[in-house]
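Engineer: The structure that follows is given in the form of structure tokens.
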Amino acid sequence: MKITVCIGSSCHIKGSRQVVEQLQYLIAQHKIGDKAELGGTFCMGKCQQGVCVTVDDTFYSVTPETVTEFFEEQILAKV
């Protein structure tokens, strides 16, 4: 599973650093680093939709407040 978080300026302002840090922590906590690859990219072209995240090419809008719920529903449930 490939998880990509936008680290461009608009998403950075909306909390992409916190989203990346929380995803790193959750992946380590659940010991799924061998199944979930976390990476970063610059602008995904959907700047108005919050922190842009893709999981295997499916787009999601995530905030630091919703990242745990996103992780449980879209990542943990699928590994």
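Every chain in the structure tokens has a letter given in the order shown (A, B, ...), and although residue numbers restart at 1 in each chain, ligands are simply numbered from 1 in the order shown.
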Can you tell me, as a ChimeraX atom specification, what residues are no more than 10 Å from Arg17 in chain A when counting only C-alpha atoms, ignoring any on the same chain fewer than 5 positions away?
Structural biologist: /A:5-7,11-12,22-23,51,64
Engineer: DSSP says strand (DSSP E or B) for which residues of range 17-67 of chain A? Put them as a VMD selection string?
Structural biologist: chain A and resid 37 to 41 51 to 55 58 to 62
Engineer: List every residue of range 27-59 of chain A that DSSP, applied to the backbone of this structure, places in helix (DSSP H, G or I), and write the result as a PyMOL selection string.
Structural biologist: chain A and resi 27-29+47-49
Engineer: Pick out the residues sitting within 7 Å of Ser61 in chain A, and hand them over as a list in words; count only C-alpha atoms, and ignore anything fewer than 3 positions along from it in its own chain.
Structural biologist: Gln49, Gly50, Val51, Cys52 and Val53 of chain A
Engineer: Go ahead and save the residues from that selection, with N, CA and C atoms, as a PDB file, in the first residue's frame.
Structural biologist:
ATOM      1  N   GLN A  49      -8.902  21.579  -0.998  1.00  0.00           N
ATOM      2  CA  GLN A  49      -9.525  20.468  -0.275  1.00  0.00           C
ATOM      3  C   GLN A  49      -8.739  20.017   0.951  1.00  0.00           C
ATOM      4  N   GLY A  50      -7.881  20.851   1.480  1.00  0.00           N
ATOM      5  CA  GLY A  50      -7.172  20.488   2.700  1.00  0.00           C
ATOM      6  C   GLY A  50      -5.903  19.721   2.398  1.00  0.00           C
ATOM      7  N   VAL A  51      -5.402  19.005   3.381  1.00  0.00           N
ATOM      8  CA  VAL A  51      -4.189  18.222   3.174  1.00  0.00           C
ATOM      9  C   VAL A  51      -4.552  17.050   2.257  1.00  0.00           C
ATOM     10  N   CYS A  52      -3.927  17.027   1.099  1.00  0.00           N
ATOM     11  CA  CYS A  52      -4.222  16.005   0.091  1.00  0.00           C
ATOM     12  C   CYS A  52      -3.413  14.743   0.377  1.00  0.00           C
ATOM     13  N   VAL A  53      -4.102  13.615   0.417  1.00  0.00           N
ATOM     14  CA  VAL A  53      -3.460  12.326   0.668  1.00  0.00           C
ATOM     15  C   VAL A  53      -4.012  11.333  -0.338  1.00  0.00           C
TER      16      VAL A  53
END
Engineer: Could you check the closest approach to Val67 in chain A for each of A:Leu26, A:Val55, A:Leu38, A:Cys47 and tell me which residue wins, using only C-alpha atoms?
Structural biologist: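 For Val67 in chain A, the nearest of the candidates is A:Leu26.
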Engineer: For a quick check of understanding, using only C-alpha atoms, which of A:Thr68, A:Lys46, A:Tyr60, A:Thr54 has the smallest distance to Gln24 in chain A?
Structural biologist: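 Of A:Thr68, A:Lys46, A:Tyr60, A:Thr54, the one nearest Gln24 in chain A, counting only C-alpha atoms, is A:Thr68.
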Engineer: For each of A:His30, A:Gly15, A:Glu21, A:Glu37, take the minimum atom-to-atom distance to Ala77 in chain A, counting only C-alpha atoms, then give the residue where this is smallest.
Structural biologist: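 Smallest distance to Ala77 in chain A is found for A:His30.
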Engineer: Got a sec: who's within 8 Å of Gly39 in chain A, counting only C-alpha atoms, leaving out chain neighbours fewer than 5 positions off, as a PyMOL selection string?
Structural biologist: chain A and resi 2-5
Engineer: Using only C-alpha atoms, which of A:Cys43, A:Gly8, A:Lys78, A:Phe71 sits nearest Tyr25 in chain A?
Structural biologist: A:Phe71
Engineer: With distances taken over only C-alpha atoms, which residue among A:Val19, A:Val62, A:Ile27, A:Met44 lies nearest Ile75 in chain A?
Structural biologist: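 Between A:Val19, A:Val62, A:Ile27, A:Met44, the residue approaching Ile75 in chain A most closely is A:Ile27.
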Engineer: For a quick check of understanding, using only C-alpha atoms, which of A:Met1, A:Gln48, A:Asp57, A:Leu76 has the smallest distance to Gln29 in chain A?
Structural biologist: A:Leu76
Engineer: Please report the interatomic distance between CA of Gly33 in chain A and CA of Ser9 in chain A in Å with one decimal.
Structural biologist: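 Value for the CA of Gly33 in chain A-CA of Ser9 in chain A distance: 26.9 Å.
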Engineer: For CA of Gly40 in chain A and CA of Asp56 in chain A, quote the distance in Å rounded to one decimal.
Structural biologist: 13.2 Å
